[in-house]
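Student: Here you go, one structure.
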Amino acid sequence: MAQWLVWLLFIGIGFYIKPLPWGFSNTLLWSTGNTLFYAFAIHVNLYFLIPRFMYRPSILPYLSLLVGLSLLLTPFTWLFNSWMAKEFQEVSSHWLTLPQFHFINLVVITALSSLVRIPVDWLRVQAEKKELQTRNVETELQSLKNQINPHFLFNTLNNLYALTLKKSDMAPQVVLRLSDMMRYMLYECNESQVSIGQEMRYINNYLELERLRYASPSQISIEIDDDLLDHQIAPLLLIPFVENSFKHGMQTSLSESFVRIRAVNDHGKLLFEVVNSKPPSSPGQASPRSQGGVGLSNVKRRLALLYPDHYHLEISDAPDRFTARLRIDLNEN
């Protein structure tokens, strides 16, 4: 529809600039005829030359073909205009019969159409990139939902089995917490944003189930600022830091082991900090491997896609502890 309006505008301009005192029918024929030549050149440029030759490393083939197209159409345009002007040779309209004039016109008008197509293509590419990024985020989130830590689930079920053998009153609570975690992952995380309160409830349930595995000297603590709970955040964004701390930091044989979690409102930013102990290396052994791996790599990619320029992640790997400190601008959610 927009293209038809453009061509009607071309025809209308022809009525305004008609070089000879034609009547309505002749002016319409002259304006429509020239518009058809320009329309043909522009369509070839927009739908053939630009897609196939414009975005190559060298622009010379595109320019050569653009000039060649104009040269090809020039004789037909010149013959048509000469035929239209033959009855008015006494009128000063010699430019209508100049091939150079029609060649320059075709080159300029066809080239100008590129100035419309190029930004449209750029916007389309940006939209496709954004859609691809969104799909990547959704795929990674689905992957996180499908990859609940099997060791965590296995240990929890083992602990639950032991509690049922003892007929412990804790068994129903374990079932409820595990059920709440599964419901959050499978259903509540379908939204692009969840409240920080929901995310922290999931982390709390995770911590309570992990506490069943460790003796009392082990220190597992969490501090949550109530001012944060109603703010929104991408789901399952924080739990990889917590899982990572237990995977690498908590040792059942080490009484000094600890995991400390803190989530506070730092001047409009979420400050989420996880600190965990690291087992010391024995004499003659290599130092423990740095923490991280796939979990933290995935969360870094999600942060870059979801919060570009609005987050800061600081990782500190000291000999006796590992610290992950994440800041997210809550005003950009």
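For the structure tokens, the naming scheme is as follows: chains receive sequential letters (A, B, ...) according to their order of presentation, residues are indexed from 1 within each chain, and ligands are indexed from 1 in presentation order.
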Which of segment 178-243 of chain A end up as strand (DSSP E or B) when DSSP is run on this backbone - answer as a list in words?
Tutor: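 Taking segment 178-243 of chain A and keeping strand (DSSP E or B) gives Val194, Ser195, Gln219, Ile220, Ser221, Ile222, Glu223, Ile224, Gln232 and Ile233 of chain A.
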Student: Would you mind listing what lies within 7 Å of segment 185-196 of chain A as a PyMOL selection string, with only C-alpha atoms counted and same-chain residues fewer than 4 positions away left out?
Tutor: chain A and resi 145+181+200+228-235
Student: So which residues touch Leu72 of chain A within 12 Å, counting only C-alpha atoms, skipping near sequence neighbours fewer than 4 positions away, as a VMD selection string?
Tutor: chain A and resid 37 40 to 41 65 to 68 76 to 78 99 102 to 103 106 to 107
Student: Quick check, in Å to one decimal: how far apart do atom CA of Val274 of chain A and atom CA of Ala324 of chain A lie?
Tutor: 5.3 Å
Student: For atom CA of Gly268 of chain A and atom CA of Glu131 of chain A, quote the distance in Å rounded to one decimal.
Tutor: 28.8 Å
Student: Please give the complete set of residues from segment 147-293 of chain A that DSSP, run on the backbone, assigns to helix (DSSP H, G or I), formatted as a ChimeraX atom specification.
Tutor: /A:150-165,171-186,188-190,196-211,226-228,239-248
Student: May I have the residues from that selection written out with C-alpha atoms, as a PDB file, in the first residue's frame?
Tutor:
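Heads up, here's the output in selection-v3.pdb:
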ATOM      1  CA  PRO A 150      20.709 -34.048  40.258  1.00  0.00           C
ATOM      2  CA  HIS A 151      23.093 -34.337  43.203  1.00  0.00           C
ATOM      3  CA  PHE A 152      20.957 -31.948  45.232  1.00  0.00           C
ATOM      4  CA  LEU A 153      17.787 -33.847  44.350  1.00  0.00           C
ATOM      5  CA  PHE A 154      19.434 -37.218  45.045  1.00  0.00           C
ATOM      6  CA  ASN A 155      20.748 -36.064  48.439  1.00  0.00           C
ATOM      7  CA  THR A 156      17.402 -34.554  49.379  1.00  0.00           C
ATOM      8  CA  LEU A 157      15.568 -37.784  48.551  1.00  0.00           C
ATOM      9  CA  ASN A 158      18.153 -39.778  50.520  1.00  0.00           C
ATOM     10  CA  ASN A 159      17.693 -37.459  53.508  1.00  0.00           C
ATOM     11  CA  LEU A 160      13.937 -37.742  53.164  1.00  0.00           C
ATOM     12  CA  TYR A 161      14.196 -41.521  53.094  1.00  0.00           C
ATOM     13  CA  ALA A 162      16.314 -41.474  56.266  1.00  0.00           C
ATOM     14  CA  LEU A 163      13.810 -39.173  57.986  1.00  0.00           C
ATOM     15  CA  THR A 164      10.887 -41.420  57.076  1.00  0.00           C
ATOM     16  CA  LEU A 165      12.725 -44.438  58.519  1.00  0.00           C
ATOM     17  CA  ALA A 171       9.874 -35.403  56.769  1.00  0.00           C
ATOM     18  CA  PRO A 172       6.640 -33.566  55.858  1.00  0.00           C
ATOM     19  CA  GLN A 173       8.519 -30.242  55.887  1.00  0.00           C
ATOM     20  CA  VAL A 174      11.128 -31.633  53.510  1.00  0.00           C
ATOM     21  CA  VAL A 175       8.407 -32.789  51.127  1.00  0.00           C
ATOM     22  CA  LEU A 176       6.694 -29.391  51.275  1.00  0.00           C
ATOM     23  CA  ARG A 177       9.904 -27.466  50.631  1.00  0.00           C
ATOM     24  CA  LEU A 178      10.913 -29.670  47.716  1.00  0.00           C
ATOM     25  CA  SER A 179       7.389 -29.414  46.296  1.00  0.00           C
ATOM     26  CA  ASP A 180       7.469 -25.605  46.630  1.00  0.00           C
ATOM     27  CA  MET A 181      10.795 -25.470  44.772  1.00  0.00           C
ATOM     28  CA  MET A 182       9.531 -27.659  41.945  1.00  0.00           C
ATOM     29  CA  ARG A 183       6.353 -25.599  41.594  1.00  0.00           C
ATOM     30  CA  TYR A 184       8.381 -22.394  41.389  1.00  0.00           C
ATOM     31  CA  MET A 185      10.699 -23.793  38.714  1.00  0.00           C
ATOM     32  CA  LEU A 186       7.986 -25.366  36.581  1.00  0.00           C
ATOM     33  CA  GLU A 188       6.012 -19.502  38.478  1.00  0.00           C
ATOM     34  CA  CYS A 189       9.165 -19.037  36.368  1.00  0.00           C
ATOM     35  CA  ASN A 190       7.175 -18.960  33.126  1.00  0.00           C
ATOM     36  CA  ILE A 196      12.665 -10.964  44.485  1.00  0.00           C
ATOM     37  CA  GLY A 197      10.544 -12.330  47.344  1.00  0.00           C
ATOM     38  CA  GLN A 198       9.688 -15.394  45.219  1.00  0.00           C
ATOM     39  CA  GLU A 199      13.311 -15.873  44.252  1.00  0.00           C
ATOM     40  CA  MET A 200      14.421 -15.603  47.893  1.00  0.00           C
ATOM     41  CA  ARG A 201      11.772 -18.075  49.029  1.00  0.00           C
ATOM     42  CA  TYR A 202      13.186 -20.549  46.534  1.00  0.00           C
ATOM     43  CA  ILE A 203      16.720 -19.925  47.857  1.00  0.00           C
ATOM     44  CA  ASN A 204      15.517 -20.289  51.465  1.00  0.00           C
ATOM     45  CA  ASN A 205      13.943 -23.649  50.642  1.00  0.00           C
ATOM     46  CA  TYR A 206      17.167 -24.699  48.966  1.00  0.00           C
ATOM     47  CA  LEU A 207      19.186 -23.714  52.048  1.00  0.00           C
ATOM     48  CA  GLU A 208      16.850 -25.526  54.442  1.00  0.00           C
ATOM     49  CA  LEU A 209      17.182 -28.732  52.452  1.00  0.00           C
ATOM     50  CA  GLU A 210      20.960 -28.372  52.245  1.00  0.00           C
ATOM     51  CA  ARG A 211      21.170 -27.878  56.004  1.00  0.00           C
ATOM     52  CA  ASP A 226      12.677  -6.589  53.280  1.00  0.00           C
ATOM     53  CA  ASP A 227      12.752  -3.511  51.003  1.00  0.00           C
ATOM     54  CA  LEU A 228      13.742  -5.785  48.119  1.00  0.00           C
ATOM     55  CA  ILE A 239      20.325 -19.537  42.507  1.00  0.00           C
ATOM     56  CA  PRO A 240      23.396 -20.517  40.384  1.00  0.00           C
ATOM     57  CA  PHE A 241      25.607 -18.466  42.746  1.00  0.00           C
ATOM     58  CA  VAL A 242      24.158 -20.326  45.746  1.00  0.00           C
ATOM     59  CA  GLU A 243      24.456 -23.744  44.122  1.00  0.00           C
ATOM     60  CA  ASN A 244      28.027 -22.936  43.164  1.00  0.00           C
ATOM     61  CA  SER A 245      28.905 -22.049  46.765  1.00  0.00           C
ATOM     62  CA  PHE A 246      27.677 -25.434  48.048  1.00  0.00           C
ATOM     63  CA  LYS A 247      29.266 -27.355  45.219  1.00  0.00           C
ATOM     64  CA  HIS A 248      32.718 -25.918  45.891  1.00  0.00           C
TER      65      HIS A 248
END
Student: For a test of reading the model, state the distance in Å between atom CA of Leu36 of chain A and atom CA of Ile11 of chain A, rounded to one decimal.
Tutor: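 Distance reported for this atom pair: 9.5 Å.
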Student: List the neighbours of segment 113-126 of chain A out to 7 Å using only C-alpha atoms; skip same-chain residues closer than 3 positions along the sequence, and give me the result as a PyMOL selection string.
Tutor: chain A and resi 42+46+109-110+129-130
Student: Nearest residue to Pro19 of chain A out of A:Ile224, A:Ala127, A:Ala85, A:Val6, using only C-alpha atoms?
Tutor: A:Ala85
Student: Could you check the closest approach to Trp22 of chain A for each of A:Leu326, A:Leu73, A:Ala39, A:Met84 and tell me which residue wins, using only C-alpha atoms?
Tutor: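 Closest residue, counting only C-alpha atoms: A:Met84.
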